[in-house]
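Okay, start03.cif is below, mmCIF, C-alpha atoms:
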data_query
loop_
_atom_site.label_atom_id
_atom_site.label_comp_id
_atom_site.auth_asym_id
_atom_site.auth_seq_id
_atom_site.Cartn_x
_atom_site.Cartn_y
_atom_site.Cartn_z
CA MET A 1450 -32.67 17.98 -14.10
CA GLN A 1451 -31.89 15.51 -11.33
CA GLN A 1452 -29.55 13.55 -13.61
CA LYS A 1453 -27.70 16.76 -14.51
CA GLN A 1454 -27.23 17.58 -10.82
CA THR A 1455 -25.81 14.11 -10.21
CA HIS A 1456 -23.29 14.57 -13.01
CA ILE A 1457 -22.22 17.92 -11.57
CA ILE A 1458 -21.71 16.38 -8.10
CA TRP A 1459 -19.47 13.63 -9.52
CA VAL A 1460 -17.45 16.04 -11.70
CA VAL A 1461 -16.81 18.30 -8.71
CA LEU A 1462 -15.79 15.25 -6.61
CA VAL A 1463 -13.24 14.22 -9.25
CA LEU A 1464 -11.78 17.73 -9.30
CA VAL A 1465 -11.73 17.94 -5.50
CA VAL A 1466 -9.74 14.69 -5.31
CA LEU A 1467 -7.40 15.39 -8.24
CA LEU A 1468 -6.27 18.88 -7.25
CA PRO A 1469 -4.57 17.86 -3.95
CA LEU A 1470 -2.83 15.04 -5.81
CA MET A 1471 -1.23 17.63 -8.09
CA PHE A 1472 -0.78 20.39 -5.51
CA PRO A 1473 -0.21 18.97 -1.98
CA LEU A 1474 -1.84 21.04 0.76
CA LYS A 1475 0.13 19.47 3.63
CA LEU A 1476 -2.98 19.39 5.80
CA PRO A 1477 -2.32 18.62 9.49
CA LEU A 1478 -2.51 14.91 10.31
CA GLY A 1479 -2.76 14.94 14.07
CA PRO A 1480 -0.32 13.34 16.51
CA SER A 1481 1.44 10.04 15.84
CA PRO A 1482 3.58 9.08 18.87
CA GLU A 1483 4.75 5.84 17.29
CA GLY A 1484 5.69 7.61 14.04
CA GLU A 1485 7.43 10.36 15.98
CA ALA A 1486 9.39 7.71 17.91
CA ALA A 1487 10.57 6.10 14.65
CA TYR A 1488 11.68 9.46 13.27
CA GLU A 1489 13.50 10.51 16.45
CA PHE A 1490 15.33 7.19 16.74
CA ILE A 1491 16.68 7.34 13.18
CA ASP A 1492 17.42 11.04 13.45
CA LYS A 1493 19.69 10.48 16.47
CA LEU A 1494 21.80 7.75 14.86
CA PRO A 1495 25.32 9.02 14.06
CA PRO A 1496 26.61 9.23 10.47
CA GLY A 1497 27.96 5.91 9.23
CA SER A 1498 25.42 3.85 11.18
CA ILE A 1499 24.25 0.74 9.36
CA SER A 1500 20.55 0.02 8.85
CA ILE A 1501 18.80 -2.94 7.27
CA MET A 1502 15.60 -2.18 5.37
CA VAL A 1503 13.40 -5.19 4.60
CA VAL A 1504 11.30 -3.90 1.71
CA GLU A 1505 8.43 -6.33 1.17
CA THR A 1506 6.53 -3.99 -1.09
CA ALA A 1507 4.48 -5.22 -4.06
CA PRO A 1508 2.11 -3.52 -6.53
CA SER A 1509 -0.85 -4.72 -4.45
CA ASN A 1510 0.25 -2.76 -1.37
CA GLU A 1511 2.47 -0.10 -2.97
CA GLY A 1512 0.10 2.75 -2.10
CA GLU A 1513 0.59 2.18 1.63
CA LEU A 1514 4.09 0.75 1.95
CA TRP A 1515 6.27 2.30 -0.74
CA PRO A 1516 5.87 5.96 0.39
CA MET A 1517 6.96 5.07 3.93
CA ALA A 1518 9.93 2.97 2.77
CA LEU A 1519 10.99 5.80 0.46
CA ALA A 1520 10.66 8.41 3.22
CA VAL A 1521 12.68 6.37 5.71
CA ALA A 1522 15.35 5.68 3.07
CA ARG A 1523 15.60 9.41 2.41
CA HIS A 1524 15.97 10.07 6.13
CA HIS A 1525 18.82 7.55 6.38
CA MET A 1526 20.55 9.15 3.41
CA GLU A 1527 20.18 12.68 4.72
CA LYS A 1528 21.79 11.51 7.99
CA GLU A 1529 24.56 9.74 6.00
CA HIS A 1530 23.69 6.29 7.25
CA ARG A 1531 24.73 3.19 5.34
CA ILE A 1532 21.87 1.01 4.11
CA ILE A 1533 21.46 -2.69 3.35
CA VAL A 1534 18.23 -3.47 1.50
CA THR A 1535 16.76 -6.96 1.40
CA THR A 1536 13.38 -8.56 0.75
CA PHE A 1537 11.46 -11.75 1.34
CA VAL A 1538 8.95 -11.21 -1.48
CA PRO A 1539 9.88 -11.39 -5.19
CA ASP A 1540 8.50 -7.93 -6.06
CA GLY A 1541 10.62 -6.31 -3.37
CA VAL A 1542 13.72 -6.43 -5.57
CA MET A 1543 12.14 -3.91 -7.94
CA TYR A 1544 11.67 -1.41 -5.10
CA ALA A 1545 15.17 -2.05 -3.76
CA GLU A 1546 16.47 -1.01 -7.19
CA LYS A 1547 14.48 2.22 -6.95
CA ILE A 1548 16.11 2.98 -3.61
CA ARG A 1549 19.53 2.42 -5.17
CA THR A 1550 18.71 4.74 -8.07
CA MET A 1551 17.62 7.48 -5.68
CA ALA A 1552 20.67 6.97 -3.43
CA GLU A 1553 23.13 7.27 -6.30
CA SER A 1554 21.45 10.07 -8.24
CA GLU A 1555 20.29 12.31 -5.38
CA TYR A 1556 22.72 11.58 -2.55
CA GLY A 1557 25.89 10.42 -4.30
CA TYR A 1558 25.91 7.03 -2.59
CA VAL A 1559 28.48 4.51 -3.80
CA TYR A 1560 27.27 0.94 -4.17
CA GLY A 1561 29.21 -1.42 -1.94
CA GLU A 1562 30.38 1.37 0.36
CA ASP A 1563 27.17 3.15 1.31
CA LEU A 1564 24.49 0.79 0.01
CA LEU A 1565 24.01 -2.92 -0.68
CA ILE A 1566 21.10 -4.88 -2.12
CA LEU A 1567 20.80 -8.46 -0.92
CA PRO A 1568 18.97 -11.01 -3.08
CA TYR A 1569 15.39 -12.13 -2.54
CA ARG A 1570 15.04 -14.98 -0.07
CA ALA A 1571 11.94 -17.15 0.19
CA GLY A 1572 10.71 -18.34 3.54
CA GLY A 1573 9.39 -15.26 5.30
CA GLU A 1574 9.95 -15.71 9.04
CA THR A 1575 12.53 -18.48 8.48
CA ALA A 1576 14.55 -16.24 6.16
CA LEU A 1577 14.45 -13.35 8.63
CA SER A 1578 15.48 -15.63 11.48
CA SER A 1579 18.40 -16.95 9.44
CA MET A 1580 19.56 -13.42 8.66
CA ALA A 1581 19.29 -12.37 12.31
CA ASP A 1582 21.16 -15.41 13.66
CA ASP A 1583 24.05 -15.39 11.16
CA ILE A 1584 23.87 -12.78 8.45
CA GLN A 1585 27.28 -13.69 6.98
CA ALA A 1586 26.20 -17.30 6.49
CA ALA A 1587 22.75 -16.34 5.19
CA TYR A 1588 24.15 -14.33 2.28
CA GLU A 1589 27.23 -14.88 0.15
CA GLN A 1590 26.30 -12.86 -2.94
CA ASP A 1591 24.37 -9.66 -3.58
CA GLN A 1592 21.42 -9.16 -5.92
CA TYR A 1593 23.83 -9.01 -8.89
CA ASN A 1594 25.55 -12.33 -8.07
CA THR A 1595 28.69 -10.56 -6.93
CA THR A 1596 30.54 -11.95 -3.91
CA LEU A 1597 29.66 -9.78 -0.92
CA ALA A 1598 33.12 -10.20 0.62
CA LYS A 1599 34.54 -7.69 -1.87
CA TYR A 1600 32.41 -4.84 -0.53
CA PRO A 1601 33.65 -2.65 2.36
CA LEU A 1602 30.12 -2.27 3.78
CA TRP A 1603 29.67 -6.02 4.10
CA ALA A 1604 32.96 -6.35 5.98
CA ASP A 1605 31.51 -4.10 8.69
CA VAL A 1606 28.53 -6.40 9.27
CA GLN A 1607 29.91 -9.51 10.94
CA SER A 1608 26.66 -10.05 12.85
CA ILE A 1609 23.24 -8.44 13.21
CA LYS A 1610 24.57 -6.64 16.30
CA ASP A 1611 26.64 -4.43 14.00
CA VAL A 1612 23.37 -3.01 12.67
CA SER A 1613 21.84 0.03 14.38
CA VAL A 1614 18.23 -0.61 13.33
CA VAL A 1615 16.22 -3.10 11.28
CA SER A 1616 13.06 -1.77 9.64
CA CYS A 1617 10.42 -3.69 7.71
CA TYR A 1618 7.76 -2.51 5.21
CA THR A 1619 5.23 -5.27 4.78
CA ALA A 1620 1.67 -6.52 4.63
CA GLN A 1621 2.68 -9.67 6.52
CA ASP A 1622 3.50 -10.39 10.19
CA ASP A 1623 7.01 -8.96 10.13
CA HIS A 1624 6.37 -6.90 13.27
CA LEU A 1625 6.00 -10.20 15.11
CA TRP A 1626 9.08 -11.68 13.41
CA LEU A 1627 11.17 -8.61 14.23
CA ALA A 1628 10.15 -8.76 17.89
CA ARG A 1629 10.78 -12.50 18.08
CA HIS A 1630 14.04 -12.94 16.14
CA VAL A 1631 15.79 -9.57 16.01
CA TRP A 1632 14.87 -7.85 19.27
CA ALA A 1633 14.26 -10.79 21.61
CA LYS A 1634 17.35 -12.75 20.55
CA HIS A 1635 19.82 -9.98 19.73
CA GLN A 1636 18.40 -6.73 21.21
CA VAL A 1637 18.74 -4.92 17.90
CA PRO A 1638 16.20 -2.04 17.64
CA CYS A 1639 13.38 -2.55 15.14
CA ILE A 1640 10.86 -0.37 13.32
CA SER A 1641 7.76 -1.75 11.64
CA GLY A 1642 6.12 -0.15 8.63
CA ASN A 1643 2.87 -1.98 7.95
CA ILE A 1644 -0.47 -1.64 6.23
CA ALA A 1645 -3.13 0.08 8.34
CA LEU A 1646 -5.03 -3.20 8.76
CA SER A 1647 -2.12 -4.65 10.78
CA THR A 1648 -1.80 -1.69 13.16
CA PRO A 1649 -4.04 -2.97 16.00
CA GLU A 1650 -1.72 -5.97 16.39
CA ALA A 1651 1.59 -4.25 15.59
CA ILE A 1652 1.07 -1.38 18.01
CA VAL A 1653 1.08 -3.84 20.92
CA TYR A 1654 4.75 -4.60 20.16
CA TYR A 1655 5.53 -0.88 20.07
CA LYS A 1656 3.86 -0.26 23.43
CA ASN A 1657 5.73 -3.24 24.90
CA GLY A 1658 9.05 -1.74 23.80
CA GLN A 1659 9.77 -4.51 21.28
CA LEU A 1660 9.60 -1.94 18.46
CA VAL A 1661 11.20 1.50 18.75
CA GLY A 1662 8.78 2.94 16.20
CA LEU A 1663 5.80 2.12 14.01
CA LEU A 1664 4.50 3.55 10.73
CA SER A 1665 0.92 2.70 9.85
CA GLY A 1666 -0.44 2.87 6.32
CA VAL A 1667 -0.72 6.03 4.24
CA LYS A 1668 -1.19 8.25 7.28
CA GLY A 1669 2.05 6.99 8.85
CA ALA A 1670 3.91 7.54 5.59
CA ALA A 1671 2.47 11.05 5.20
CA PHE A 1672 3.47 11.88 8.78
CA TYR A 1673 7.05 10.85 8.03
CA GLU A 1674 7.13 12.81 4.78
CA GLN A 1675 6.02 15.93 6.59
CA LYS A 1676 8.60 15.41 9.34
CA LEU A 1677 11.23 15.43 6.58
CA ASN A 1678 9.52 18.41 4.94
CA LYS A 1679 9.42 16.40 1.72
CA PRO A 1680 5.75 15.87 0.85
CA GLY A 1681 5.28 12.99 -1.55
CA MET A 1682 2.76 10.39 -2.60
CA ALA A 1683 1.42 9.75 0.90
CA THR A 1684 0.87 13.44 1.67
CA GLN A 1685 -0.92 13.88 -1.65
CA SER A 1686 -3.11 10.84 -0.92
CA MET A 1687 -4.02 12.04 2.57
CA ASP A 1688 -4.81 15.54 1.27
CA ALA A 1689 -7.05 14.11 -1.45
CA GLN A 1690 -8.75 11.82 1.05
CA SER A 1691 -9.31 14.61 3.59
CA VAL A 1692 -10.65 17.10 1.03
CA GLY A 1693 -12.83 14.40 -0.54
CA HIS A 1694 -14.31 13.50 2.85
CA LEU A 1695 -14.96 17.18 3.58
CA TYR A 1696 -16.76 17.56 0.24
CA LEU A 1697 -18.94 14.51 0.93
CA LEU A 1698 -19.71 15.84 4.42
CA LEU A 1699 -20.82 19.16 2.96
CA LEU A 1700 -23.01 17.30 0.45
CA MET A 1701 -24.68 15.36 3.27
CA ILE A 1702 -25.28 18.52 5.28
CA GLY A 1703 -26.59 20.34 2.21
CA GLY A 1704 -28.83 17.41 1.28
CA ASN A 1705 -30.35 17.35 4.75
CA VAL A 1706 -30.93 21.11 4.73
CA VAL A 1707 -32.72 20.87 1.38
CA TYR A 1708 -34.77 17.90 2.59
CA TRP A 1709 -35.95 19.60 5.80
CA THR A 1710 -36.61 22.88 3.99
CA GLN A 1711 -38.76 21.16 1.38
CA LYS A 1712 -40.54 19.15 4.06
CA LYS A 1713 -41.28 22.29 6.07
CA ASN A 1714 -42.52 24.19 3.02
CA GLY A 1715 -44.66 21.25 1.98
CA LYS A 1716 -46.26 21.07 5.45
CA SER A 1717 -46.91 24.82 5.50
CA GLY A 1718 -48.53 24.64 2.09
CA LYS A 1719 -50.76 21.80 3.24
CA ASN A 1720 -51.90 23.75 6.33
CA SER A 1721 -52.65 26.82 4.18
CA ASN A 1722 -54.80 24.82 1.79
CA GLN A 1723 -56.70 23.28 4.69
CA GLY A 1724 -57.43 26.75 6.12
CA VAL A 1725 -58.87 27.98 2.81
CA LYS A 1726 -61.01 24.87 2.54
CA ASN A 1727 -62.44 25.38 6.07
CA SER A 1728 -63.28 29.06 5.42
CA VAL A 1729 -65.22 28.16 2.28
CA ASN A 1730 -67.24 25.60 4.19
#
File written out as structure tokens:
Amino acid sequence: MQQKQTHIIWVVLVLVVLLPLMFPLKLPLGPSPEGEAAYEFIDKLPPGSISIMVVETAPSNEGELWPMALAVARHHMEKEHRIIVTTFVPDGVMYAEKIRTMAESEYGYVYGEDLLILPYRAGGETALSSMADDIQAAYEQDQYNTTLAKYPLWADVQSIKDVSVVSCYTAQDDHLWLARHVWAKHQVPCISGNIALSTPEAIVYYKNGQLVGLLSGVKGAAFYEQKLNKPGMATQSMDAQSVGHLYLLLLMIGGNVVYWTQKKNGKSGKNSNQGVKNSVN
């Protein structure tokens, strides 16, 4: 009987988690001042503004970083901003290609005019510093080995100061690199999208004004999706997590109620038996 009950509990848990993944509930997430600041900054940029998105997403951190990068890219496209995508991790190229596919199929973006993909560069902080100090010298060709000089978008980026915002989506220390090489040297606004584990360090740079916005993990991505009114993977994940936690909480409360009820009944039964025994004596 006990084994059957255990199986039922696990089956219900699976259903409770799966249903929000298929049918997002858009449960409230609570305030996120740093996420709100990122959204408001991008939302106020005029059409035609140029943004650089450093997409350092990989399969190992895709669950946290890709939804936020996708949401921010959508926001840029809805505001008709021009986007340059680059990466300092090999896997990032794959996600840059996904952004291009979405831009062309959903928003009618023209490659070279509205969007560019720069090739992967090794070196992490060194590569970012090189891009910030002299972007024209750092890159001569795009991801497809085509000379960048032929593209109208590239002609409008003579230096990093021609860029309205640089955002990064990473599990590394890019929030520090952005503050050090992009903001401190060139006063170009920066937004960090990082895994939740990095938030305690990254939020210091936001509070100091070295970042104009910060997105943290799945919750930060879900917040941005809901601001756009386009619930996606992050919203589904947060809904599943919230409903799953609620189910487990109810199980704990129910388990304690059953335990104390059985304990009370057992004690009452013991006292009753003792009374009968005393009367016989």
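The coordinates place CA of Leu1625 (chain A) at 12.5 Å from CA of Gly1658 (chain A).
For the choices A:Gly1715, A:Gly1557, A:Gly1573, A:Gly1497, the atom-to-atom distance to Thr1535 (chain A) is smallest for A:Gly1573 when using only C-alpha atoms.
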Q: Using the chain letters and numbers from the file, give me the residues hit by the PyMOL selection byres ((chain A and resi 1503) around 10), as a PyMOL selection string.
A: chain A and resi 1500-1502+1504-1506+1518+1533-1538+1541+1545+1567+1577+1615-1619+1623+1641-1642
I'd like the residues picked by the PyMOL selection byres ((chain A and resi 1626) around 10) written out as a PDB file with C-alpha atoms, in the frame of the given file, using the chain letters and numbers from the file.
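Dumped everything to part_10.pdb:
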ATOM      1  CA  GLY A1573       9.390 -15.260   5.300  1.00  0.00           C
ATOM      2  CA  GLU A1574       9.950 -15.710   9.040  1.00  0.00           C
ATOM      3  CA  THR A1575      12.530 -18.480   8.480  1.00  0.00           C
ATOM      4  CA  LEU A1577      14.450 -13.350   8.630  1.00  0.00           C
ATOM      5  CA  SER A1578      15.480 -15.630  11.480  1.00  0.00           C
ATOM      6  CA  CYS A1617      10.420  -3.690   7.710  1.00  0.00           C
ATOM      7  CA  GLN A1621       2.680  -9.670   6.520  1.00  0.00           C
ATOM      8  CA  ASP A1622       3.500 -10.390  10.190  1.00  0.00           C
ATOM      9  CA  ASP A1623       7.010  -8.960  10.130  1.00  0.00           C
ATOM     10  CA  HIS A1624       6.370  -6.900  13.270  1.00  0.00           C
ATOM     11  CA  LEU A1625       6.000 -10.200  15.110  1.00  0.00           C
ATOM     12  CA  LEU A1627      11.170  -8.610  14.230  1.00  0.00           C
ATOM     13  CA  ALA A1628      10.150  -8.760  17.890  1.00  0.00           C
ATOM     14  CA  ARG A1629      10.780 -12.500  18.080  1.00  0.00           C
ATOM     15  CA  HIS A1630      14.040 -12.940  16.140  1.00  0.00           C
ATOM     16  CA  VAL A1631      15.790  -9.570  16.010  1.00  0.00           C
ATOM     17  CA  TRP A1632      14.870  -7.850  19.270  1.00  0.00           C
ATOM     18  CA  ALA A1633      14.260 -10.790  21.610  1.00  0.00           C
TER      19      ALA A1633
END
(Q) When you count all atoms listed in the file, which of these residues is closest to Glu1485 (chain A): A:Leu1663, A:Ala1671, A:Val1606, A:Leu1699? (A) A:Leu1663
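Put simply, CA of Ala1581 (chain A) is 5.6 Å away from CA of Ile1609 (chain A).
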Q: Go through A:Asp1591, A:Arg1523, A:Asp1611, A:Ala1571 one by one, measure the shortest atom-to-atom distance of each to Asn1678 (chain A) using only C-alpha atoms, and give the residue with the smallest value.
A: A:Arg1523
(Q) Just want the 9 Å neighbourhood of Ala1520 (chain A), counted on only C-alpha atoms, with same-chain residues fewer than 3 positions away dropped. Output as a count of residues only. (A) 13
Q.
Assuming the chain letters and numbering stay as they are in my file, what does the PyMOL selection byres ((chain A and resi 1590) around 12) actually select? List them as a PyMOL selection string.
A. chain A and resi 1561+1565-1570+1584-1589+1591-1600+1603
Include C-alpha atoms and write out the residues we just selected as a PDB file, keeping the file's coordinate frame.
ATOM      1  CA  GLY A1561      29.210  -1.420  -1.940  1.00  0.00           C
ATOM      2  CA  LEU A1565      24.010  -2.920  -0.680  1.00  0.00           C
ATOM      3  CA  ILE A1566      21.100  -4.880  -2.120  1.00  0.00           C
ATOM      4  CA  LEU A1567      20.800  -8.460  -0.920  1.00  0.00           C
ATOM      5  CA  PRO A1568      18.970 -11.010  -3.080  1.00  0.00           C
ATOM      6  CA  TYR A1569      15.390 -12.130  -2.540  1.00  0.00           C
ATOM      7  CA  ARG A1570      15.040 -14.980  -0.070  1.00  0.00           C
ATOM      8  CA  ILE A1584      23.870 -12.780   8.450  1.00  0.00           C
ATOM      9  CA  GLN A1585      27.280 -13.690   6.980  1.00  0.00           C
ATOM     10  CA  ALA A1586      26.200 -17.300   6.490  1.00  0.00           C
ATOM     11  CA  ALA A1587      22.750 -16.340   5.190  1.00  0.00           C
ATOM     12  CA  TYR A1588      24.150 -14.330   2.280  1.00  0.00           C
ATOM     13  CA  GLU A1589      27.230 -14.880   0.150  1.00  0.00           C
ATOM     14  CA  ASP A1591      24.370  -9.660  -3.580  1.00  0.00           C
ATOM     15  CA  GLN A1592      21.420  -9.160  -5.920  1.00  0.00           C
ATOM     16  CA  TYR A1593      23.830  -9.010  -8.890  1.00  0.00           C
ATOM     17  CA  ASN A1594      25.550 -12.330  -8.070  1.00  0.00           C
ATOM     18  CA  THR A1595      28.690 -10.560  -6.930  1.00  0.00           C
ATOM     19  CA  THR A1596      30.540 -11.950  -3.910  1.00  0.00           C
ATOM     20  CA  LEU A1597      29.660  -9.780  -0.920  1.00  0.00           C
ATOM     21  CA  ALA A1598      33.120 -10.200   0.620  1.00  0.00           C
ATOM     22  CA  LYS A1599      34.540  -7.690  -1.870  1.00  0.00           C
ATOM     23  CA  TYR A1600      32.410  -4.840  -0.530  1.00  0.00           C
ATOM     24  CA  TRP A1603      29.670  -6.020   4.100  1.00  0.00           C
TER      25      TRP A1603
END
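Rounded to one decimal, CA of Ala1645 (chain A) and CA of Leu1664 (chain A) lie 8.7 Å from each other.
Using only C-alpha atoms for every distance, the candidate list A:Val1661, A:Leu1564, A:Ile1652, A:Met1701 yields A:Val1661 as the residue closest to Ile1640 (chain A).
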Q: Please tell me which residues are no farther than 12 Å from (20.5, 10.0, 12.5) in the file, counting all atoms listed in the file, and write them as an NGL selection string.
A: :A and (1487-1500 or 1521-1531 or 1613-1614)
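In this comparison, which uses all atoms listed in the file, the residue of A:Val1461, A:Met1543, A:Leu1646, A:Leu1660 approaching Gly1484 (chain A) most closely is A:Leu1660.
In terms of minimum interatomic distance to Leu1514 (chain A), A:Ser1665 ranks closest within A:Asn1657, A:Ser1665, A:Pro1601, A:Gln1675, counting only C-alpha atoms.
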